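Below: one structure, written as structure tokens.
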Amino acid sequence: MSTGARAAHDSTAAGAPIARVLPLLSPAHLDRDFDYLVRPELDAVAQPGVRVRVRFAGRLVDGYLLARLARSDHPGKLVELERVVSPERVLTPEILKLASAVAARYAGTRADVLRLAIPPRHARTETGGSKTPAEPVVAQEDSFASGDEQSERARGADAAARREGAAAAEPPPKTDSVAAAGAHPVSGDDSGGATTAAGSPLSAASARTTVSTKPVAAESVSSARVLSTDPAVADVDSGVDHAPGSGRHGDRVGKTSPAAAVVSTVDPTPWERYIHGTAFVDALGQGRGPRAAWQALPGEDWARRLAELAAVVVGRGHSAILMVPDQRDLDRVLAECVRLVGDSAVGLAAGLGPAARYRRWLAALRGTARVVVGTRSAVFAPATQLGLIAIWDDGDDTYAEQRAPYPHAREVAMLRAHETGAAFIAAGFARTAEIQAVVDSGWAHDLVADRGVVRKFSPRISAPGDTDMALERDPIARAVRIPGVGFAAARSALKEGAAVLVQVPRRGYVPSLACAKCRTPARCRHCNGPLALPEVRSQHDNVAHSPSCRWCGIVEAAFRCASCGSRALRAVVIGAVRTAEELGRAFPGVPIRGSSGGAMLDTVEPGPQVVVATVGAEPVLPGGYGVALLLDGWALLSRADLRAAEDTLRRWMSAATLVRAHGQVIVMADPSIPTVQALLRWDPVGHAHAEVAGRLEVGFPPAVRMAAIDGSADAVAELLAAANLPDGVDVLGPVPLPPGARKPFAGDSPAEVERMLLRVDRTAGAALSRALTAAQAVRSTHRSDAPLRVQIDPVDIG
């Protein structure tokens with residue numbers, strides 16, 4: 001570099017010509033910060049938190065600028081910063097710290113976490129969405145205007161807003177490069193604690209537009225007042241779909257609604273039904289950070305309750321993040337939040353388009369959105385002045401991220417609440433062992449109702465043959481799929497004009513078959529896949545169908561059992577379609593509705609009808625169902641899964657809460673099973689206690705920290721050889737992947753993938769993660785390309 005150029009660098013940014021950058025690189029050994037020189041024309045926009053493009057090993061890669069420094073520790077020549085993609089400071093100090101903590105917790109890299117946390121850039125949304133940016137927005141992505149002439153930059157910004165092609169940023173490239181020519185790695189700074197030239201942490205003050213919500217006095221829950229805008233005000237600017245969760249609310253970035261504010265008051269009465277419920281809401285209203293595990297009462301309007309908590313937090317001038325499992329729950333919660341806080345609530349979900357998602361994400365970043373409702377990715381939302389993180393139904397498997405480093409939204413939420421001091425609430429009708437463990441540790445506290453209140457709001461729940469008198473009346477009650485008491489309850493409800501809900505564990509017609517003689521599962525002769533009867537049947541009742549393979553689709557017209565040679569087949573599980581067909585014959589003239597898979601119903605109208613739904617697809621009925629029949633409980637309980645009992649109780653309780661308080665729930669399962677007993681007593685806390693005790697006895701999470709290493713035998717052996725594992729680690733395996741578990745790097749995985757489990761005490765969990773992180777870094781330096789996956793506390797242990 002010439003002397004004149006070096007002097008120009010020294011004169012920029014008050015003597016801070018060095019940019020510390022985190023490149024988004026996949027190899028684990030490159031999860032480090034690198035120093036680059038900042039050209040004078042990039043000085044104004046090259047601020048901490050912006051997206052940049054840097055030259056690394058001869059290639060242009062994406063990255064984030066972490067800090068501006070006065071000098072670098074590297075004695076040699078530094079490469080110049082190629083360009084600043086956007087002056088928007090998308091990486092906040094809080095999200096950087098959270099990404100570092102998540103990467104350390106899950107033995108991953110910060111680059112992988114940031115890919116999950118920050119959505120791809122949408123240029124038109126970013127440059128055209130804000131009317132009053134705090135600094136001039138540079139129009140061109142490839143180059144920035146030089147000089148101080150504001151007119152040139154304004155014309156460039158207008159050109160960028162009209163440009164149609166700048167829809168999204170390029171995907172981060174993957175490289176196996178070991179070092180970048182001229183880029184200096186910063187040793188000992190993997191925690192993400194970047195500093196500015198003055199030595200202070202990455203400043204929260206940024207050039208982004210910040211429209212803060214004016215705090216409203218909230219001395220107690222009874223006076224917690226929040227601002228609400230008129231939802232009827234037309235959105236003349238966005239021109240998008242106005243459905244909840246998919247269009248209107250939160251699509252305006254950098255501006256507020258022109259409607260006059262309407263003051264709403266949060267009613268504390270529903271929270272008085274819970275022990276310490278009002279105290280929890282009062283603590284939120286006072287700006288403190290309480291942490292609780294809330295067990296909602298049967299029939300509770302949980303979406304409204306979560307919206308009330310968010311409204312109390314917004315009344316204090318803070319933000320809230322509410323996480324739900326799916327789009328149906330998101331729409332429901334978002335609608336309640338909009339009623340209380342108006343357009344300050346936005347919805348984030350994977351189903352949104354790139355522009356809509358980025359627009360709402362920017363609204364949270366810039367402070368115009370104070371309540372973020374979303375699925376698992378919302379846990380990383382850049383909410384300003386975060387005051388509350390809530391997660392509903394944390395046992396749902398959709399909260400487990402399917403991309404590296406495979407974090408769970410519940411664990412990330414607890415990490416973020418712990419680091420920021422924000423309030424945390426894990427809510428649901430059931431309770432997971434993980435939440436019970438943190439309650440037992442004292443980190444969170446119970447928020448439950450008294451047993452008398454629970455009995456008042458619970459429907460009457462029973463199991464066939466649960467008493468000697470019931471067995472004497474119907475000796476085969478436990479043997480048949482729907483006993484006489486179930487048909488009698490359904491007929492009684494239909495006569496009263498009430499609806500009947502029937503929950504089945506599997507969709508389809510007959511999704512599982514077995515040999516009628518020896519009960520061996522029926523398998524395809526070509527691919528060894530399971531055989532099933534097709535879902536679509538002929539209109540003629542006398543037409544028979546041969547079973548077909550669920551994997552390859554080949555019809556097995558001449559089945560013969562491989563074990564005993566029998567040709568007879570029997571149904572192992574009856575699907576939703578076959579169940580609806582049988583109930584249609586049992587209740588002629590009664591409408592039969594189905595809800596499963598792609599034909600899922602959100603709500604149904606009141607009236608006498610039978611609704612057959614698979615687990616998780618039960619529609620909501622205003623006023624509640626009269627009767628619910630929970631079929632084939634054995635199919636849910638007998639799954640070879642560590643969380644089978646916990647998940648079964650969660651699904652049963654979710655269906656039972658849709659029944660009115662004076663209704664009836666009949667579960668078709670052995671009443672002596674502890675999970676069935678927990679449902680009959682409506683005791684999710686007791687069941688969670690038993691789950692934690694059982695896992696402590698056998699040594700499974702959350703009692704211990706467990707790592708699952710999936711890959712070929714050679715790849716697993718290579719990683720373990722490079723790992724300096726902590727003392728006391730138990731090596732379990734190798735074993736085959738559990739049923740339903742995804743293979744690492746689908747498409748390139750070998751035919752045989754095995755799993756090795758590493759188990760340590762929770763106190764050694766951080767040491768185990770560090771050891772696996774270092775081992776992956778060593779392996780990546782060897783450029784090993786064999787597929788390998790490392791997961792900490794995976795959901796599908798087996």
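Chains: A, B, ... in order of the structure tokens. Residues: from 1 per chain. Ligands: from 1, in order shown.
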Open item on the list: Residues near range 665-672 of chain A, anyone? I mean within 7 Å using only C-alpha atoms, not counting same-chain ones fewer than 3 positions away, as number ranges by chain.
Closed with: A: 459-464, 466, 486, 627-634, 656, 676-677
Would you output that residue set with N, CA and C atoms, as a short mmCIF file (atom, residue, chain, number, x, y, z; two decimals), in the first residue's frame?
```cif
data_model
loop_
_atom_site.label_atom_id
_atom_site.label_comp_id
_atom_site.auth_asym_id
_atom_site.auth_seq_id
_atom_site.Cartn_x
_atom_site.Cartn_y
_atom_site.Cartn_z
N PRO A 459 -63.33 -30.67 31.75
CA PRO A 459 -64.43 -31.58 31.39
C PRO A 459 -64.28 -32.90 32.15
N ARG A 460 -65.29 -33.71 32.11
CA ARG A 460 -65.23 -35.00 32.77
C ARG A 460 -64.45 -35.96 31.88
N ILE A 461 -63.34 -36.47 32.40
CA ILE A 461 -62.44 -37.32 31.62
C ILE A 461 -62.48 -38.73 32.20
N SER A 462 -62.62 -39.71 31.32
CA SER A 462 -62.68 -41.10 31.75
C SER A 462 -62.02 -41.99 30.71
N ALA A 463 -61.73 -43.22 31.13
CA ALA A 463 -61.19 -44.24 30.24
C ALA A 463 -62.07 -45.47 30.33
N PRO A 464 -62.31 -46.17 29.24
CA PRO A 464 -63.18 -47.37 29.28
C PRO A 464 -62.62 -48.41 30.25
N ASP A 466 -62.39 -48.17 33.53
CA ASP A 466 -61.55 -47.62 34.59
C ASP A 466 -62.03 -48.02 35.99
N GLY A 486 -68.45 -44.94 24.53
CA GLY A 486 -68.09 -43.88 23.61
C GLY A 486 -69.20 -43.57 22.63
N VAL A 627 -68.41 -33.71 23.29
CA VAL A 627 -67.70 -34.94 23.63
C VAL A 627 -66.45 -35.02 22.76
N ALA A 628 -65.38 -35.55 23.33
CA ALA A 628 -64.16 -35.85 22.59
C ALA A 628 -63.79 -37.30 22.82
N LEU A 629 -63.54 -38.03 21.73
CA LEU A 629 -63.10 -39.41 21.79
C LEU A 629 -61.66 -39.47 21.32
N LEU A 630 -60.75 -39.86 22.19
CA LEU A 630 -59.33 -39.95 21.88
C LEU A 630 -59.00 -41.41 21.59
N LEU A 631 -58.86 -41.74 20.31
CA LEU A 631 -58.73 -43.13 19.89
C LEU A 631 -57.27 -43.57 19.80
N ASP A 632 -57.11 -44.90 19.86
CA ASP A 632 -55.82 -45.56 19.61
C ASP A 632 -54.70 -44.96 20.46
N GLY A 633 -54.97 -44.84 21.76
CA GLY A 633 -53.93 -44.31 22.64
C GLY A 633 -52.68 -45.15 22.66
N TRP A 634 -52.83 -46.44 22.45
CA TRP A 634 -51.66 -47.32 22.46
C TRP A 634 -50.68 -46.98 21.34
N ALA A 656 -58.45 -32.17 24.68
CA ALA A 656 -59.43 -32.10 25.77
C ALA A 656 -59.82 -30.67 26.10
N VAL A 676 -52.08 -41.96 31.29
CA VAL A 676 -53.54 -41.88 31.29
C VAL A 676 -54.05 -41.35 32.62
N GLN A 677 -53.44 -41.77 33.72
CA GLN A 677 -53.84 -41.28 35.03
C GLN A 677 -53.61 -39.77 35.14
#
```
Task: Backbone DSSP call of helix (DSSP H, G or I) for range 491-594 of chain A, listed as an MDAnalysis selection string - done: chainID A and resid 491:495 576:586
Return as JSON lines the residues of range 83-102 of chain A lying at most 12 Å from range 45-61 of chain A, together with the closest atom-to-atom pair for each and the distance in Å to one decimal, counting only C-alpha atoms, with rows in chain order and ascending residue number.
```
{"residue": "A:Arg83", "atom": "CA", "partner": "A:Arg53", "partner_atom": "CA", "distance": 5.4}
{"residue": "A:Val84", "atom": "CA", "partner": "A:Val52", "partner_atom": "CA", "distance": 4.4}
{"residue": "A:Val85", "atom": "CA", "partner": "A:Val52", "partner_atom": "CA", "distance": 5.2}
{"residue": "A:Ser86", "atom": "CA", "partner": "A:Arg51", "partner_atom": "CA", "distance": 6.0}
{"residue": "A:Pro87", "atom": "CA", "partner": "A:Val45", "partner_atom": "CA", "distance": 5.2}
{"residue": "A:Glu88", "atom": "CA", "partner": "A:Val50", "partner_atom": "CA", "distance": 5.7}
{"residue": "A:Arg89", "atom": "CA", "partner": "A:Gly49", "partner_atom": "CA", "distance": 4.4}
{"residue": "A:Val90", "atom": "CA", "partner": "A:Gly49", "partner_atom": "CA", "distance": 5.7}
{"residue": "A:Leu91", "atom": "CA", "partner": "A:Gly49", "partner_atom": "CA", "distance": 4.4}
{"residue": "A:Thr92", "atom": "CA", "partner": "A:Gly49", "partner_atom": "CA", "distance": 6.0}
{"residue": "A:Pro93", "atom": "CA", "partner": "A:Gly49", "partner_atom": "CA", "distance": 7.8}
{"residue": "A:Glu94", "atom": "CA", "partner": "A:Gly49", "partner_atom": "CA", "distance": 10.9}
{"residue": "A:Ile95", "atom": "CA", "partner": "A:Gly49", "partner_atom": "CA", "distance": 10.1}
{"residue": "A:Leu96", "atom": "CA", "partner": "A:Gly49", "partner_atom": "CA", "distance": 8.9}
```
Written selection (all heavy atoms) as an mmCIF file, in the first residue's frame:
```
data_model
loop_
_atom_site.group_PDB
_atom_site.id
_atom_site.type_symbol
_atom_site.label_atom_id
_atom_site.label_comp_id
_atom_site.auth_asym_id
_atom_site.auth_seq_id
_atom_site.Cartn_x
_atom_site.Cartn_y
_atom_site.Cartn_z
ATOM 1 N N ARG A 83 -16.628 -3.873 0.036
ATOM 2 C CA ARG A 83 -17.752 -2.947 -0.022
ATOM 3 C C ARG A 83 -18.682 -3.179 1.154
ATOM 4 O O ARG A 83 -18.675 -4.243 1.771
ATOM 5 C CB ARG A 83 -18.541 -3.065 -1.325
ATOM 6 C CG ARG A 83 -19.200 -4.399 -1.567
ATOM 7 C CD ARG A 83 -19.791 -4.440 -2.980
ATOM 8 N NE ARG A 83 -20.361 -5.735 -3.308
ATOM 9 C CZ ARG A 83 -21.638 -6.054 -3.137
ATOM 10 N NH1 ARG A 83 -22.467 -5.165 -2.621
ATOM 11 N NH2 ARG A 83 -22.078 -7.251 -3.474
ATOM 12 N N VAL A 84 -19.481 -2.176 1.417
ATOM 13 C CA VAL A 84 -20.543 -2.259 2.416
ATOM 14 C C VAL A 84 -21.843 -2.498 1.665
ATOM 15 O O VAL A 84 -22.249 -1.688 0.832
ATOM 16 C CB VAL A 84 -20.623 -0.983 3.276
ATOM 17 C CG1 VAL A 84 -21.807 -1.053 4.231
ATOM 18 C CG2 VAL A 84 -19.330 -0.779 4.042
ATOM 19 N N VAL A 85 -22.486 -3.629 1.932
ATOM 20 C CA VAL A 85 -23.699 -3.987 1.205
ATOM 21 C C VAL A 85 -24.813 -3.011 1.504
ATOM 22 O O VAL A 85 -25.565 -2.599 0.621
ATOM 23 C CB VAL A 85 -24.129 -5.427 1.567
ATOM 24 C CG1 VAL A 85 -25.452 -5.795 0.901
ATOM 25 C CG2 VAL A 85 -23.047 -6.410 1.164
ATOM 26 N N SER A 86 -24.926 -2.605 2.768
ATOM 27 C CA SER A 86 -26.004 -1.718 3.180
ATOM 28 C C SER A 86 -25.583 -1.009 4.458
ATOM 29 O O SER A 86 -24.899 -1.605 5.307
ATOM 30 C CB SER A 86 -27.287 -2.510 3.420
ATOM 31 O OG SER A 86 -28.230 -1.752 4.151
ATOM 32 N N PRO A 87 -25.964 0.250 4.616
ATOM 33 C CA PRO A 87 -25.637 0.955 5.863
ATOM 34 C C PRO A 87 -26.546 0.569 7.031
ATOM 35 O O PRO A 87 -26.350 1.060 8.144
ATOM 36 C CB PRO A 87 -25.819 2.427 5.490
ATOM 37 C CG PRO A 87 -26.847 2.407 4.411
ATOM 38 C CD PRO A 87 -26.608 1.139 3.631
ATOM 39 N N GLU A 88 -27.534 -0.291 6.801
ATOM 40 C CA GLU A 88 -28.434 -0.716 7.871
ATOM 41 C C GLU A 88 -27.673 -1.608 8.854
ATOM 42 O O GLU A 88 -27.083 -2.617 8.484
ATOM 43 C CB GLU A 88 -29.612 -1.492 7.293
ATOM 44 C CG GLU A 88 -30.718 -1.772 8.295
ATOM 45 C CD GLU A 88 -31.619 -0.573 8.504
ATOM 46 O OE1 GLU A 88 -31.960 0.100 7.517
ATOM 47 O OE2 GLU A 88 -31.979 -0.319 9.659
ATOM 48 N N ARG A 89 -27.711 -1.256 10.135
ATOM 49 C CA ARG A 89 -27.004 -2.031 11.159
ATOM 50 C C ARG A 89 -27.902 -3.184 11.617
ATOM 51 O O ARG A 89 -28.618 -3.097 12.615
ATOM 52 C CB ARG A 89 -26.627 -1.146 12.335
ATOM 53 C CG ARG A 89 -25.657 -0.045 11.968
ATOM 54 C CD ARG A 89 -25.133 0.647 13.200
ATOM 55 N NE ARG A 89 -24.197 1.701 12.867
ATOM 56 C CZ ARG A 89 -23.503 2.401 13.754
ATOM 57 N NH1 ARG A 89 -23.672 2.151 15.050
ATOM 58 N NH2 ARG A 89 -22.660 3.332 13.379
ATOM 59 N N VAL A 90 -27.821 -4.270 10.880
ATOM 60 C CA VAL A 90 -28.724 -5.397 11.123
ATOM 61 C C VAL A 90 -28.256 -6.298 12.253
ATOM 62 O O VAL A 90 -29.041 -7.047 12.827
ATOM 63 C CB VAL A 90 -28.902 -6.217 9.833
ATOM 64 C CG1 VAL A 90 -29.610 -5.396 8.770
ATOM 65 C CG2 VAL A 90 -27.556 -6.710 9.307
ATOM 66 N N LEU A 91 -26.970 -6.276 12.566
ATOM 67 C CA LEU A 91 -26.440 -7.106 13.643
ATOM 68 C C LEU A 91 -26.279 -6.243 14.883
ATOM 69 O O LEU A 91 -25.345 -5.446 14.999
ATOM 70 C CB LEU A 91 -25.101 -7.730 13.235
ATOM 71 C CG LEU A 91 -24.411 -8.601 14.291
ATOM 72 C CD1 LEU A 91 -25.308 -9.750 14.727
ATOM 73 C CD2 LEU A 91 -23.079 -9.129 13.778
ATOM 74 N N THR A 92 -27.190 -6.386 15.811
ATOM 75 C CA THR A 92 -27.146 -5.609 17.043
ATOM 76 C C THR A 92 -26.205 -6.266 18.049
ATOM 77 O O THR A 92 -25.921 -7.470 17.958
ATOM 78 C CB THR A 92 -28.546 -5.488 17.651
ATOM 79 O OG1 THR A 92 -28.999 -6.807 18.045
ATOM 80 C CG2 THR A 92 -29.534 -4.897 16.642
ATOM 81 N N PRO A 93 -25.721 -5.531 19.017
ATOM 82 C CA PRO A 93 -24.845 -6.133 20.026
ATOM 83 C C PRO A 93 -25.507 -7.284 20.768
ATOM 84 O O PRO A 93 -24.853 -8.282 21.080
ATOM 85 C CB PRO A 93 -24.545 -4.957 20.967
ATOM 86 C CG PRO A 93 -24.763 -3.735 20.147
ATOM 87 C CD PRO A 93 -25.853 -4.066 19.180
ATOM 88 N N GLU A 94 -26.812 -7.162 21.040
ATOM 89 C CA GLU A 94 -27.491 -8.232 21.760
ATOM 90 C C GLU A 94 -27.557 -9.515 20.933
ATOM 91 O O GLU A 94 -27.306 -10.620 21.452
ATOM 92 C CB GLU A 94 -28.913 -7.789 22.129
ATOM 93 C CG GLU A 94 -29.680 -8.850 22.903
ATOM 94 C CD GLU A 94 -31.177 -8.616 22.892
ATOM 95 O OE1 GLU A 94 -31.601 -7.482 22.599
ATOM 96 O OE2 GLU A 94 -31.915 -9.579 23.167
ATOM 97 N N ILE A 95 -27.867 -9.396 19.646
ATOM 98 C CA ILE A 95 -27.964 -10.580 18.801
ATOM 99 C C ILE A 95 -26.580 -11.190 18.588
ATOM 100 O O ILE A 95 -26.437 -12.427 18.527
ATOM 101 C CB ILE A 95 -28.617 -10.223 17.456
ATOM 102 C CG1 ILE A 95 -30.048 -9.717 17.689
ATOM 103 C CG2 ILE A 95 -28.642 -11.435 16.536
ATOM 104 C CD1 ILE A 95 -30.931 -10.701 18.426
ATOM 105 N N LEU A 96 -25.543 -10.383 18.492
ATOM 106 C CA LEU A 96 -24.192 -10.919 18.372
ATOM 107 C C LEU A 96 -23.816 -11.714 19.613
ATOM 108 O O LEU A 96 -23.247 -12.811 19.526
ATOM 109 C CB LEU A 96 -23.199 -9.783 18.141
ATOM 110 C CG LEU A 96 -21.720 -10.174 18.101
ATOM 111 C CD1 LEU A 96 -21.452 -11.156 16.967
ATOM 112 C CD2 LEU A 96 -20.841 -8.936 17.973
#
```
Task: Closest of A:Asp31, A:Glu646, A:Glu581, A:Asp446 to Arg291 in chain A - atom-to-atom distances counting only C-alpha atoms - done: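 Residue with the minimum atom-to-atom distance to Arg291 in chain A: A:Asp446.
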- [ ] Name the closest residue to Val79 in chain A among the candidates A:Arg20, A:Arg578, A:Arg357, A:His418; distances are taken between atoms, counting only C-alpha atoms.
- [x]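 So, comparing all the options, the nearest one is A:Arg20.
Minimum atom-to-atom distances from A:Leu415, A:Ala775, A:Ala430, A:Val379 to Ala400 in chain A were compared using only C-alpha atoms, and the lowest value belongs to A:Val379.
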- [ ] Write out as a PyMOL selection string each polymer residue whose atoms come within 8 Å of range 436-443 of chain A, counting only C-alpha atoms; drop sequence neighbours fewer than 5 positions from it.
- [x] chain A and resi 291-293+431+685+688-689+692+702-703
- [ ] Rank A:Leu583, A:Ala103, A:Leu78, A:Val504 by their smallest atom-to-atom distance to Leu636 in chain A, using only C-alpha atoms, and report the top residue only.
- [x] A:Val504
TODO: Mind the document's chain letters and residue numbers, and return as number ranges by chain the residues of range 536-736 of chain A that DSSP labels strand (DSSP E or B).
DONE: A: 548-549, 555, 569-573, 592-596, 599, 603, 610-614, 620, 625-630, 659-667, 704-711, 730-736
Open item on the list: Can you pull out the residues contacting range 322-328 of chain A? Cut-off 8 Å, using only C-alpha atoms, and skip same-chain residues under 4 positions away; I want them as a ChimeraX atom specification.
Closed with: /A:245,306,310,332,349,371-376,378-379,389-394,396,398-399,602
